[in-house]
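Visitor: File work14.txt below, compact mmCIF, C-alpha atoms:
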```txt
# COMPACT_ATOMS: atom_id res chain seq x y z
CA MET I 155 -42.37 136.59 32.03
CA LYS I 156 -42.75 135.83 28.34
CA ASN I 157 -39.05 135.03 27.97
CA SER I 158 -39.07 132.79 31.01
CA GLY I 159 -42.05 130.86 29.64
CA GLU I 160 -40.36 130.54 26.29
CA ASP I 161 -37.16 129.31 27.96
CA ILE I 162 -39.10 126.57 29.70
CA ARG I 163 -40.67 125.52 26.43
CA TYR I 164 -37.25 125.43 24.74
CA GLU I 165 -36.00 123.37 27.64
CA ASN I 166 -38.89 120.94 27.12
CA LEU I 167 -37.96 120.73 23.47
CA ARG I 168 -34.33 120.06 24.28
CA ASN I 169 -35.35 117.47 26.83
CA MET I 170 -37.50 115.72 24.25
CA ILE I 171 -34.50 115.47 21.90
CA LEU I 172 -32.34 114.05 24.69
CA GLU I 173 -34.97 111.47 25.62
CA LEU I 174 -35.17 110.35 22.00
CA ALA I 175 -31.42 110.10 21.85
CA ILE I 176 -31.34 107.69 24.80
CA GLY I 177 -34.06 105.58 23.24
CA ASN I 178 -36.98 106.72 25.36
CA PHE I 179 -39.52 106.77 22.55
CA ALA I 180 -42.35 106.90 25.08
CA HIS I 181 -41.44 110.45 26.09
CA ARG I 182 -43.63 113.20 24.64
CA PHE I 183 -43.35 116.95 24.26
CA GLN I 184 -46.42 118.39 25.98
CA PRO I 185 -48.26 120.76 23.62
CA GLU I 186 -49.69 123.89 25.21
CA GLY I 187 -51.86 125.18 22.40
CA TYR I 188 -49.48 127.79 20.99
CA GLN I 189 -49.34 128.29 17.24
CA ASP I 190 -45.60 128.79 16.96
CA HIS I 191 -42.45 127.06 15.82
CA ILE I 192 -41.64 125.57 19.22
CA GLU I 193 -45.00 123.86 19.35
CA LYS I 194 -44.73 122.64 15.78
CA LEU I 195 -41.26 121.28 16.34
CA GLY I 196 -42.39 119.59 19.56
CA LEU I 197 -45.27 117.93 17.80
CA MET I 198 -43.03 116.81 14.98
CA LEU I 199 -40.70 115.29 17.53
CA ASN I 200 -43.66 113.45 19.05
CA LEU I 201 -44.36 112.01 15.65
CA LEU I 202 -40.73 111.11 15.21
CA ALA I 203 -40.81 109.30 18.55
CA GLU I 204 -43.78 107.27 17.42
CA GLU I 205 -42.06 106.39 14.17
CA LEU I 206 -38.77 105.51 15.79
CA SER I 207 -40.40 103.30 18.38
CA GLY I 208 -41.44 100.88 15.69
CA PHE I 209 -38.19 100.81 13.79
CA PHE I 210 -35.67 99.06 15.88
CA ILE I 211 -37.20 96.15 17.73
CA HIS I 212 -40.44 94.35 17.30
CA PRO I 213 -42.40 93.84 20.53
CA GLY I 214 -42.37 90.12 19.74
CA SER I 215 -38.66 90.20 20.53
CA PHE I 216 -39.59 90.73 24.13
CA GLY I 217 -41.70 87.62 24.05
CA LEU I 218 -44.99 89.37 24.72
CA LYS I 219 -46.94 86.60 23.08
CA GLU I 220 -45.16 83.80 24.86
CA LEU I 221 -45.64 85.36 28.26
CA ALA I 222 -49.34 85.87 27.93
CA ASP I 223 -51.92 83.60 29.47
CA PRO I 224 -55.04 84.07 27.33
CA TYR I 225 -58.61 83.96 28.53
CA VAL I 226 -60.91 81.71 26.54
CA PHE I 227 -64.67 81.42 26.41
CA MET I 228 -67.24 80.05 24.01
CA MET I 229 -70.83 81.14 23.38
CA ASP I 230 -73.66 79.92 21.24
CA SER I 231 -75.56 81.79 18.53
CA GLU I 232 -77.81 83.36 21.20
CA LEU I 233 -74.67 84.77 22.83
CA LYS I 234 -75.03 82.51 25.90
CA ILE I 235 -71.79 81.36 27.45
CA SER I 236 -71.21 77.65 26.95
CA GLY I 237 -67.66 77.26 28.22
CA VAL I 238 -64.90 79.22 29.97
CA ASN I 239 -61.33 78.65 31.06
CA ARG I 240 -59.90 79.35 34.49
CA ARG I 241 -58.21 82.55 33.32
CA PHE I 242 -61.56 83.97 32.30
CA THR I 243 -63.25 83.25 35.64
CA ASP I 244 -60.25 84.71 37.47
CA LEU I 245 -60.34 87.80 35.33
CA LEU I 246 -64.02 88.49 35.82
CA LYS I 247 -64.09 87.32 39.48
CA TYR I 248 -67.11 85.10 38.79
CA SER I 249 -67.43 81.36 39.34
CA ARG I 250 -67.88 79.11 36.33
CA SER I 251 -71.53 78.44 37.26
CA ASP I 252 -72.21 82.19 37.42
CA LEU I 253 -71.10 82.49 33.82
CA ILE I 254 -72.16 79.36 31.96
CA GLY I 255 -75.67 79.51 30.51
CA ASN I 256 -75.91 83.29 30.93
CA PRO I 257 -75.67 85.80 28.09
CA ILE I 258 -72.21 87.27 27.65
CA THR I 259 -73.92 90.65 27.38
CA ASP I 260 -74.58 90.52 31.16
CA PHE I 261 -70.82 90.92 31.65
CA MET I 262 -70.04 93.68 29.20
CA THR I 263 -70.42 97.44 28.98
CA GLU I 264 -73.28 98.71 26.85
CA GLN I 265 -70.90 100.11 24.28
CA THR I 266 -69.23 96.73 23.92
CA ILE I 267 -72.58 94.96 23.52
CA ASP I 268 -73.52 97.17 20.55
CA TYR I 269 -70.04 96.91 19.12
CA LEU I 270 -69.91 93.14 19.53
CA THR I 271 -73.37 92.38 18.17
CA ASP I 272 -72.74 94.53 15.10
CA HIS I 273 -69.49 92.70 14.37
CA LEU I 274 -70.92 89.26 14.98
CA LYS I 275 -73.90 89.97 12.77
CA ALA I 276 -71.62 90.97 9.94
CA HIS I 277 -69.43 87.97 10.62
CA SER I 278 -72.34 85.53 10.61
CA LYS I 279 -73.61 86.88 7.31
CA THR I 280 -70.36 86.21 5.55
CA GLN I 281 -70.05 82.77 7.22
CA GLN I 282 -66.32 83.16 7.02
CA THR I 283 -64.51 80.87 9.36
CA PHE I 284 -60.99 81.04 8.03
CA SER I 285 -59.88 84.13 9.91
CA PRO I 286 -60.86 85.39 13.36
CA ILE I 287 -62.11 88.90 13.92
CA ARG I 288 -60.22 91.09 16.33
CA LEU I 289 -62.28 92.98 18.88
CA LEU I 290 -61.75 95.29 21.81
CA ILE I 291 -64.05 94.16 24.56
CA SER I 292 -64.84 95.89 27.85
CA PHE I 293 -65.96 93.30 30.39
CA ILE I 294 -67.48 94.22 33.76
CA SER I 295 -66.06 92.16 36.59
CA ASN I 296 -68.00 90.95 39.61
CA TYR I 297 -66.46 93.87 41.53
CA GLY I 298 -67.79 96.43 39.04
CA ASN I 299 -64.41 97.14 37.44
CA ILE I 300 -64.08 97.46 33.70
CA MET I 301 -61.62 95.03 32.15
CA GLU I 302 -60.48 96.06 28.70
CA CYS I 303 -59.41 93.08 26.68
CA TRP I 304 -58.34 92.20 23.22
CA GLY I 305 -60.35 89.31 21.88
CA TYR I 306 -60.09 87.17 18.80
CA CYS I 307 -63.40 85.67 17.80
CA HIS I 308 -63.53 82.49 15.75
CA LEU I 309 -66.75 81.36 14.19
CA LEU I 310 -67.33 77.61 14.60
CA GLN I 311 -69.98 75.62 12.78
CA SER I 312 -71.34 72.47 14.37
CA ALA I 313 -74.31 70.10 13.90
CA ASN I 314 -76.14 72.11 16.57
CA GLY I 315 -75.57 75.46 14.95
CA MET I 316 -72.98 78.15 15.24
CA TYR I 317 -70.65 78.86 18.13
CA TYR I 318 -68.33 81.72 18.83
CA PHE I 319 -64.96 80.93 20.30
CA PHE I 320 -63.13 83.83 21.96
CA ARG I 321 -59.57 84.04 23.12
CA GLY I 322 -57.72 87.15 24.16
CA LEU I 323 -55.71 89.10 26.65
CA PRO I 324 -56.56 91.80 29.17
CA ILE I 325 -55.08 95.21 28.49
CA ILE I 326 -55.64 97.18 31.64
CA GLU I 327 -58.05 97.22 34.54
CA LYS I 328 -59.95 100.47 34.87
CA ASN I 329 -61.41 101.47 38.20
CA ASP I 330 -63.58 104.21 36.75
CA PRO I 331 -67.27 103.91 37.55
CA ILE I 332 -69.34 102.67 34.65
CA ASP I 333 -70.95 105.52 32.80
CA PRO I 334 -73.31 104.29 30.10
CA SER I 335 -73.98 107.85 29.00
CA LYS I 336 -70.32 108.26 28.10
CA ASN I 337 -70.00 107.99 24.37
CA ILE I 338 -66.87 105.99 23.81
CA ASP I 339 -65.42 106.10 20.37
CA GLN I 340 -64.29 102.57 19.66
CA ASN I 341 -61.52 103.72 17.38
CA SER I 342 -59.99 105.92 20.03
CA ASP I 343 -60.27 103.04 22.52
CA ILE I 344 -58.27 100.88 20.22
CA THR I 345 -55.66 103.62 19.89
CA ASP I 346 -55.43 103.93 23.68
CA ALA I 347 -55.00 100.21 24.08
CA SER I 348 -52.37 100.12 21.41
CA SER I 349 -50.54 103.05 23.04
CA PHE I 350 -50.53 101.23 26.35
CA ARG I 351 -48.93 98.17 24.84
CA THR I 352 -46.36 100.30 23.06
CA LEU I 353 -45.52 102.21 26.22
CA GLN I 354 -45.17 98.96 28.16
CA PHE I 355 -42.81 97.61 25.53
CA GLN I 356 -40.80 100.82 25.50
CA ALA I 357 -40.57 100.81 29.27
CA ASP I 358 -39.00 97.36 29.00
CA ILE I 359 -36.44 98.66 26.51
CA LEU I 360 -35.52 101.46 28.88
CA ARG I 361 -35.06 98.97 31.70
CA VAL I 362 -32.76 96.87 29.53
CA ARG I 363 -30.78 100.01 28.71
CA LYS I 364 -30.43 100.65 32.41
CA VAL I 365 -29.04 97.14 32.83
CA HIS I 366 -26.52 97.97 30.10
CA GLN I 367 -25.42 101.07 31.99
CA TYR I 368 -25.33 99.09 35.24
CA ILE I 369 -22.93 96.61 33.62
CA LEU I 370 -20.65 99.43 32.49
CA LEU I 371 -20.61 100.77 36.02
CA ASN I 372 -19.62 97.35 37.33
CA LEU I 373 -16.70 96.36 35.18
CA HIS I 374 -14.55 96.02 38.27
CA GLN I 375 -16.52 93.11 39.70
CA SER I 376 -18.67 90.08 38.92
CA LEU I 377 -22.29 90.64 38.04
CA PRO I 378 -25.07 89.23 40.18
CA PRO I 379 -26.99 86.26 38.73
CA ILE I 380 -29.62 87.01 36.07
CA PRO I 381 -32.61 86.46 38.41
CA VAL I 382 -31.19 89.02 40.83
CA MET I 383 -30.58 91.59 38.09
CA ALA I 384 -34.02 90.93 36.65
CA ARG I 385 -35.62 91.66 40.03
CA GLN I 386 -33.43 94.71 40.52
CA PHE I 387 -34.58 96.22 37.23
CA ASN I 388 -38.16 95.05 37.42
CA LEU I 389 -37.95 92.75 34.42
CA ASN I 390 -38.60 89.07 34.14
CA GLU I 391 -35.62 86.91 33.27
CA PHE I 392 -36.86 86.13 29.80
CA LYS I 393 -37.30 89.81 28.88
CA LEU I 394 -33.94 90.69 30.37
CA LYS I 395 -32.00 88.05 28.47
CA LYS I 396 -33.92 88.26 25.22
CA GLY I 397 -34.20 92.05 25.32
CA PHE I 398 -30.49 92.52 25.99
CA LYS I 399 -29.60 90.22 23.11
CA GLU I 400 -31.94 92.10 20.79
CA LEU I 401 -30.63 95.52 21.78
CA TYR I 402 -26.92 94.80 22.03
CA ASN I 403 -26.51 91.68 19.94
CA THR I 404 -24.71 89.81 22.70
CA THR I 405 -25.48 88.19 26.03
CA ILE I 406 -25.20 90.03 29.33
CA PHE I 407 -22.22 88.08 30.63
CA LYS I 408 -20.41 88.07 27.32
CA PHE I 409 -20.83 91.84 27.08
CA HIS I 410 -19.54 92.27 30.63
CA LEU I 411 -16.52 90.07 29.92
CA GLU I 412 -15.69 91.73 26.62
CA ARG I 413 -15.89 95.25 28.00
CA ARG I 414 -13.58 94.29 30.86
CA LEU I 415 -11.11 92.75 28.43
CA GLU I 416 -11.19 95.87 26.22
CA MET I 417 -10.57 98.13 29.20
CA ALA I 418 -7.80 95.86 30.43
CA LYS I 419 -6.11 95.96 27.04
CA VAL I 420 -6.17 99.77 26.94
CA MET I 421 -4.68 99.87 30.39
CA ILE I 422 -1.94 97.32 29.66
CA LYS I 423 -0.95 99.08 26.45
CA ASN I 424 -0.80 102.55 27.99
CA THR I 425 0.12 102.32 31.66
CA PRO I 426 2.89 100.70 33.69
CA ALA I 427 0.34 98.86 35.88
CA SER I 428 1.27 95.20 36.52
CA LEU I 429 -0.81 92.53 34.82
CA LYS I 430 -1.99 91.20 38.17
CA ILE I 431 -3.23 94.64 39.15
CA VAL I 432 -5.04 95.05 35.85
CA ALA I 433 -6.65 91.61 36.26
CA LYS I 434 -7.78 92.53 39.75
CA LYS I 435 -9.00 95.96 38.69
CA TYR I 436 -11.40 94.39 36.22
CA GLY I 437 -12.71 91.75 38.57
CA PHE I 438 -10.91 88.61 37.33
CA ARG I 439 -10.52 86.03 40.05
CA ASN I 440 -6.86 85.40 39.22
CA TYR I 441 -4.25 86.23 36.61
CA SER I 442 -4.32 82.78 35.06
CA HIS I 443 -8.04 83.04 34.31
CA PHE I 444 -7.60 86.60 33.02
CA SER I 445 -4.73 85.58 30.75
CA LYS I 446 -6.73 82.71 29.28
CA VAL I 447 -9.86 84.71 28.43
CA PHE I 448 -7.75 87.66 27.26
CA LYS I 449 -5.97 85.43 24.75
CA THR I 450 -9.26 84.02 23.53
CA LYS I 451 -10.55 87.55 22.92
CA HIS I 452 -7.46 89.34 21.61
CA GLY I 453 -5.45 86.46 20.18
CA LYS I 454 -2.40 87.27 22.31
CA LYS I 455 -1.65 86.95 25.99
CA PRO I 456 -1.67 90.14 28.12
CA SER I 457 2.08 89.74 28.55
CA TYR I 458 2.55 90.23 24.79
CA TYR I 459 1.10 93.76 25.00
CA LYS I 460 2.99 94.43 28.19
CA LYS I 461 6.32 93.48 26.59
CA LYS I 462 5.48 95.46 23.48
CA ARG I 463 4.88 98.55 25.62
CA ASN I 464 8.16 98.09 27.48
CA MET L 118 5.92 112.95 33.07
CA GLU L 119 3.40 115.48 34.30
CA PHE L 120 2.98 117.56 31.18
CA LEU L 121 2.32 116.62 27.57
CA ARG L 122 1.29 118.55 24.52
CA THR L 123 -0.02 116.61 21.51
CA PRO L 124 -1.73 117.74 18.29
CA TYR L 125 -5.03 117.17 20.10
CA ALA L 126 -4.60 118.35 23.65
CA GLN L 127 -2.49 119.80 26.38
CA ILE L 128 -2.29 117.60 29.48
CA GLN L 129 -0.94 118.65 32.84
CA VAL L 130 -1.11 117.34 36.40
CA LYS L 131 -1.21 120.01 39.10
CA ASP L 132 -2.24 119.84 42.76
CA GLY L 133 -3.79 116.40 42.38
CA ILE L 134 -5.92 117.38 39.38
CA LEU L 135 -5.32 116.51 35.75
CA TYR L 136 -5.95 119.48 33.45
CA PHE L 137 -6.90 118.23 30.02
CA THR L 138 -7.34 121.03 27.51
CA TYR L 139 -8.58 120.03 24.08
CA LEU L 140 -7.14 121.85 21.07
CA PRO L 141 -9.30 122.34 17.98
CA ILE L 142 -9.82 118.97 16.26
CA SER L 143 -11.40 119.12 12.84
CA ASN L 144 -12.54 115.51 12.50
CA PHE L 145 -12.79 113.94 15.94
CA ASN L 146 -13.16 110.25 15.16
CA ILE L 147 -12.48 106.97 16.98
CA GLN L 148 -8.76 106.91 16.09
CA ILE L 149 -8.28 110.32 17.62
CA ALA L 150 -10.34 109.32 20.66
CA LYS L 151 -8.08 106.31 21.21
CA GLN L 152 -4.98 108.43 20.85
CA VAL L 153 -6.32 111.04 23.23
CA VAL L 154 -7.04 108.43 25.93
CA ALA L 155 -3.65 106.78 25.39
CA ASP L 156 -1.86 110.13 25.73
CA ARG L 157 -3.67 110.90 28.96
CA LEU L 158 -2.83 107.47 30.42
CA LYS L 159 0.84 107.96 29.55
CA VAL L 160 0.89 111.11 31.64
CA GLN L 161 -0.93 109.46 34.52
CA GLY L 162 1.08 106.27 34.89
CA GLU L 163 -1.06 104.17 37.22
CA ILE L 164 -2.62 107.01 39.16
CA SER L 165 -6.30 107.95 39.00
CA TYR L 166 -7.08 111.66 38.93
CA PRO L 167 -10.05 113.95 38.95
CA ILE L 168 -9.98 115.63 35.53
CA LEU L 169 -10.73 119.14 34.47
CA CYS L 170 -11.57 118.76 30.82
CA ASP L 171 -11.57 122.05 28.96
CA ILE L 172 -13.60 121.57 25.80
CA ARG L 173 -14.11 125.19 24.84
CA GLN L 174 -12.09 124.75 21.62
CA LEU L 175 -13.32 121.28 20.84
CA ASN L 176 -15.43 120.25 17.88
CA PHE L 177 -17.93 117.61 18.82
CA PRO L 178 -16.64 114.00 18.45
CA ASP L 179 -18.52 111.60 16.22
CA LEU L 180 -20.71 108.84 17.63
CA GLU L 181 -18.05 106.12 17.79
CA ALA L 182 -15.57 108.49 19.38
CA ARG L 183 -18.12 109.62 21.97
CA ARG L 184 -18.91 106.03 22.94
CA TYR L 185 -15.21 105.33 23.36
CA LEU L 186 -14.62 108.44 25.44
CA ALA L 187 -17.60 107.64 27.66
CA ILE L 188 -16.32 104.15 28.55
CA GLU L 189 -12.62 103.68 27.80
CA GLY L 190 -12.17 107.38 28.47
CA SER L 191 -13.10 106.71 32.08
CA ILE L 192 -10.02 104.58 32.76
CA LEU L 193 -8.07 106.00 35.71
CA THR L 194 -10.44 108.88 36.20
CA LYS L 195 -12.09 109.67 39.51
CA ALA L 196 -14.42 112.35 38.16
CA VAL L 197 -14.62 114.73 35.23
CA ALA L 198 -15.62 118.39 35.14
CA TYR L 199 -16.28 119.59 31.59
CA LEU L 200 -15.47 123.24 31.20
CA ASN L 201 -17.43 124.84 28.38
CA SER L 202 -18.83 128.20 27.38
CA PRO L 203 -22.44 128.87 28.41
CA THR L 204 -23.49 129.28 24.78
CA SER L 205 -22.28 125.91 23.56
CA ASP L 206 -22.90 123.64 26.52
CA HIS L 207 -25.88 121.92 24.91
CA LEU L 208 -23.71 119.43 23.05
CA THR L 209 -21.80 118.56 26.20
CA HIS L 210 -25.13 118.15 27.90
CA PHE L 211 -26.03 115.73 25.13
CA PHE L 212 -22.83 113.75 25.64
CA VAL L 213 -23.34 113.42 29.38
CA ARG L 214 -26.99 112.53 29.08
CA VAL L 215 -26.87 110.20 26.10
CA ASP L 216 -23.42 108.63 26.13
CA GLN L 217 -23.47 108.43 29.92
CA PRO L 218 -19.85 108.48 31.08
CA VAL L 219 -19.31 105.96 33.87
CA VAL L 220 -17.64 108.33 36.35
CA PRO L 221 -19.11 111.31 38.24
CA THR L 222 -19.42 114.16 35.76
CA LYS L 223 -20.32 117.81 35.98
CA LEU L 224 -20.79 120.47 33.32
CA CYS L 225 -19.22 123.77 34.34
CA THR L 226 -18.94 127.18 32.80
CA SER L 227 -16.07 128.46 34.95
CA GLN L 228 -12.81 127.00 36.18
CA ASP L 229 -13.69 127.85 39.79
CA GLU L 230 -16.89 125.88 39.55
CA ALA L 231 -15.02 122.93 38.02
CA LEU L 232 -12.30 122.95 40.68
CA GLU L 233 -14.84 123.13 43.47
CA PHE L 234 -16.45 119.97 42.13
CA LEU L 235 -13.13 118.17 41.53
CA ASN L 236 -11.53 119.05 44.85
CA ALA L 237 -13.90 116.62 46.56
CA PHE L 238 -12.14 113.83 44.62
CA VAL L 239 -8.56 114.87 45.38
CA LYS L 240 -6.96 112.60 47.94
```
What is this structure when it is put down as C-alpha cells?

Guide:
Amino acid sequence: MKNSGEDIRYENLRNMILELAIGNFAHRFQPEGYQDHIEKLGLMLNLLAEELSGFFIHPGSFGLKELADPYVFMMDSELKISGVNRRFTDLLKYSRSDLIGNPITDFMTEQTIDYLTDHLKAHSKTQQTFSPIRLLISFISNYGNIMECWGYCHLLQSANGMYYFFRGLPIIEKNDPIDPSKNIDQNSDITDASSFRTLQFQADILRVRKVHQYILLNLHQSLPPIPVMARQFNLNEFKLKKGFKELYNTTIFKFHLERRLEMAKVMIKNTPASLKIVAKKYGFRNYSHFSKVFKTKHGKKPSYYKKKRN
Amino acid sequence: MEFLRTPYAQIQVKDGILYFTYLPISNFNIQIAKQVVADRLKVQGEISYPILCDIRQLNFPDLEARRYLAIEGSILTKAVAYLNSPTSDHLTHFFVRVDQPVVPTKLCTSQDEALEFLNAFVK
C-alpha cells in the first residue's frame, strides 16, 4: 500500500513537471502533509511555477486593462455617496436613487468598513492627493451577494470640503452567505484576489497555446476566421490576436502560412511528389498562388528545389 | 527503396508499416533531426505510413530537434508508436506531452503493443 501511495505521489510530481513544461503555470502539486523529499520537491515546483508565471509575459499584454469597464462612485467626507456610474449600479443591483445620499458603509461588509475607514483616516491626515490608495473592497449587492472589487481611491479637495473618488474593477462574485463573525485577514484576501487574476491570465495563455496546436493540426487547410477561432477557444478576438503575437512573435495567419511553406519545402526537397500535389496537401488554392508565396518566403520558386532534387 | 541504413537509423518498410530504429546518437541536434526526416522521406517516396519508432538506443534530442521532429517529423506519417524500455519512457512521455506531435501517437514497451496500435492505420 505504501509503495502504491508513493507511486501516485511520484506521478503527481512528474505531472507537475510536464504541466510546467507546456506552460501551465497555474498547475500546482497538491501537498499532503508529508515531511519527505517528494513533498519538498513538489512545493519547490509550486514556487517555481509562481516564479515562471511572471517571467514571460506581462498580463498587460493580454489587454486586461483595456478590456475592463470600471465602476466609479464618489462620496463626501461623511462617507455618503454623492455620485455613481452605471457600471456601479449594475454591479450592486441597486438603482441610482437607492445609493445616492446613503452611506457607502450600508453596502459593504463589516470587515471592509473597518478596513476602509482606517485607510481613509490615514489618508485624510496626510492630505496627500497626488497618488490614489489601492483598496480591496467587499460590497454587498441588493441580492445579498458579496462583490469583491479592487478600488483606487483619490482624495479630492473642493470649496465644500473633501470628497473621495473611487474607481475600480470587480474581481469575483461570491455567493457565500455573509458571516460577520468570520475574521477575514485582509492580506490573505488580497493574495486570493491576486491569485485569481493570475490564474485567469494563465488560463488565457493556455488557450492561446491550444490555438497554436490547432493551427499545427490544420496545416492542410485554411483556418476559420479569427472570430470563429476566438469563440471556439473561449477567448475574445483581442486576446487571441494579441496573445498569439506575444507568445509566438507572429500573427496567426502568418504562422499558419509559414509552417505550411516549411512543410512543403521539406516535402519537395525529399519526395517525388508533384508540386501541384504538395500545394494541395498544404491547403493552397492553386499552384500559382503557392508558387508566389513560396518564393516570397524561401527566395526561390518551388520548381527550383524540385529540379535540384532531380 | 524499402530499406536504408544511415549513421543515425535503420529504416525499413514491411507489411505496410515503416520500422524506424534509431541508432545511438551522441548529440541529437536540429541538423541531425533534419537529416533523419529527409532519410525517412527518401525511403517512403510519396506514401504515408504508420511508423514504429524504436527509440531504445536513442539519446534524447535537444529542444530544437524535438520541435522539428514533432512537426516536420510528421510529414507522411499516419501514426507513430514509440517503442521504449519501461525504465526510460519518461523522456518519451515528455516529448509526446510537451512537444505534441501532430499525428496519433502511442508510447509502447513491446513490439506487439506497438503493432497492435499501428495496424489500425494500415490500409

Visitor: Which chain L residues are at most 12 Å from chain I (counting only C-alpha atoms), as an MDAnalysis selection string?

Guide: chainID L and resid 151:165 180 184:193 207:221

Visitor: Tell me, in Å to one decimal, how far CA of Ala237 (chain L) is from CA of Leu135 (chain L).

Guide: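 So the two atoms, CA of Ala237 (chain L) and CA of Leu135 (chain L), lie 13.8 Å apart.
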
Visitor: One number please: CA of Phe183 (chain I) to CA of Glu160 (chain I), in Å, one decimal.

Guide: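 Separating CA of Phe183 (chain I) from CA of Glu160 (chain I) is a distance of 14.1 Å.
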
Visitor: To one decimal place in Å, what is the distance between CA of Leu195 (chain I) and CA of Asp161 (chain I)?

Guide: 14.7 Å

Visitor: Taking all atoms listed in the file into account, which of I:Pro456, I:Glu186, I:Arg250, I:Val362 comes nearest Glu400 (chain I)?

Guide: I:Val362

Visitor: Up to 12 Å from (-63.1, 89.1, 39.3) in the file's coordinates: name the residues, counting all atoms listed in the file, as a VMD selection string.

Guide: chain I and resid 240 to 250 252 to 253 261 293 to 301 327

Visitor: I need the residue nearest Glu412 (chain I) from this list: I:Phe227, I:Glu165, I:Ile369, I:Phe179. Use all atoms listed in the file for the distance.

Guide: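 Among I:Phe227, I:Glu165, I:Ile369, I:Phe179, it is I:Ile369 that comes nearest to Glu412 (chain I).
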
Visitor: Find the spatial neighbours of Tyr136 (chain L), counting only C-alpha atoms, within a cut-off of 6 Å - ignore same-chain residues fewer than 6 positions away - and output them as a list in words.

Guide: Ile128, Gln129, Ile168 and Leu169 of chain L

Visitor: Output as JSON the centre and edge lengths (Å, one decimal) of the box along x, y and z of the file that holds every listed atom of region 189-207 of chain I after adding 8 Å on each side.

Guide:
```
{"center_x": -44.1, "center_y": 116.0, "center_z": 16.9, "size_x": 26.6, "size_y": 41.5, "size_z": 21.4}
```

Visitor: Up to 6 Å from (-60.9, 84.7, 22.3) in the file's coordinates: name the residues, counting all atoms listed in the file, as number ranges by chain.

Guide: I: 226, 305-307, 319-322

Visitor: Counting only C-alpha atoms, which of I:Ser231, I:Asn464, I:Gln189, I:Thr450 gets nearest to Gln311 (chain I)?

Guide: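 When distances to Gln311 (chain I) are compared using only C-alpha atoms, the smallest one comes from I:Ser231.
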
Visitor: Considering all atoms listed in the file, return as a PyMOL selection string whatever protein or nucleic-acid residues lie within 8 Å of Leu429 (chain I), sequence-local ones (same chain, fewer than 5 positions apart) excluded.

Guide: chain I and resi 422+441+456-457+460

Visitor: Would you please work out which residue, of L:Ala182, L:Leu200, L:Tyr166, L:Gln174, is nearest to Gln228 (chain L) when using all atoms listed in the file?

Guide: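 Comparing L:Ala182, L:Leu200, L:Tyr166, L:Gln174 against Gln228 (chain L), the winner is L:Leu200.
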
Visitor: Give me, as a PyMOL selection string, all polymer residues having an atom no more than 8 Å from Asn176 (chain L), counting only C-alpha atoms and skipping those fewer than 5 positions away in the same chain.

Guide: chain L and resi 141-145

Visitor: Would you mind telling me which residue in L:Tyr125, L:Lys223, L:Ile172, L:Gly133 lies nearest to Asn236 (chain L) when using all atoms listed in the file?

Guide: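 Distance minimum relative to Asn236 (chain L) lands on L:Gly133.
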
Visitor: I need the residue nearest Ala203 (chain I) from this list: I:His191, I:Phe409, I:Gln356, I:Asp230. Use all atoms listed in the file for the distance.

Guide: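 Of all the options, I:Gln356 lies closest to Ala203 (chain I).
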
Visitor: Write out N, CA, C and O atoms for region 161-170 of chain I, as a tab-separated table (two decimals), in the frame of the given file.

Guide:
```
chain	number	residue	atom	x	y	z
I	161	ASP	N	-38.33	130.10	27.56
I	161	ASP	CA	-37.16	129.31	27.96
I	161	ASP	C	-37.58	127.92	28.42
I	161	ASP	O	-36.94	126.92	28.07
I	162	ILE	N	-38.63	127.88	29.20
I	162	ILE	CA	-39.10	126.57	29.70
I	162	ILE	C	-39.53	125.68	28.54
I	162	ILE	O	-39.23	124.49	28.50
I	163	ARG	N	-40.19	126.31	27.58
I	163	ARG	CA	-40.67	125.52	26.43
I	163	ARG	C	-39.48	125.04	25.58
I	163	ARG	O	-39.50	123.91	25.08
I	164	TYR	N	-38.47	125.87	25.44
I	164	TYR	CA	-37.25	125.43	24.74
I	164	TYR	C	-36.58	124.29	25.50
I	164	TYR	O	-36.09	123.33	24.92
I	165	GLU	N	-36.59	124.41	26.80
I	165	GLU	CA	-36.00	123.37	27.64
I	165	GLU	C	-36.75	122.05	27.44
I	165	GLU	O	-36.15	120.98	27.35
I	166	ASN	N	-38.08	122.15	27.36
I	166	ASN	CA	-38.89	120.94	27.12
I	166	ASN	C	-38.55	120.31	25.77
I	166	ASN	O	-38.50	119.09	25.63
I	167	LEU	N	-38.32	121.20	24.81
I	167	LEU	CA	-37.96	120.73	23.47
I	167	LEU	C	-36.61	120.00	23.50
I	167	LEU	O	-36.44	118.93	22.93
I	168	ARG	N	-35.67	120.63	24.18
I	168	ARG	CA	-34.33	120.06	24.28
I	168	ARG	C	-34.38	118.72	25.01
I	168	ARG	O	-33.75	117.75	24.62
I	169	ASN	N	-35.20	118.69	26.05
I	169	ASN	CA	-35.35	117.47	26.83
I	169	ASN	C	-35.93	116.33	25.98
I	169	ASN	O	-35.52	115.18	26.09
I	170	MET	N	-36.88	116.71	25.14
I	170	MET	CA	-37.50	115.72	24.25
I	170	MET	C	-36.44	115.11	23.33
I	170	MET	O	-36.40	113.89	23.11
```
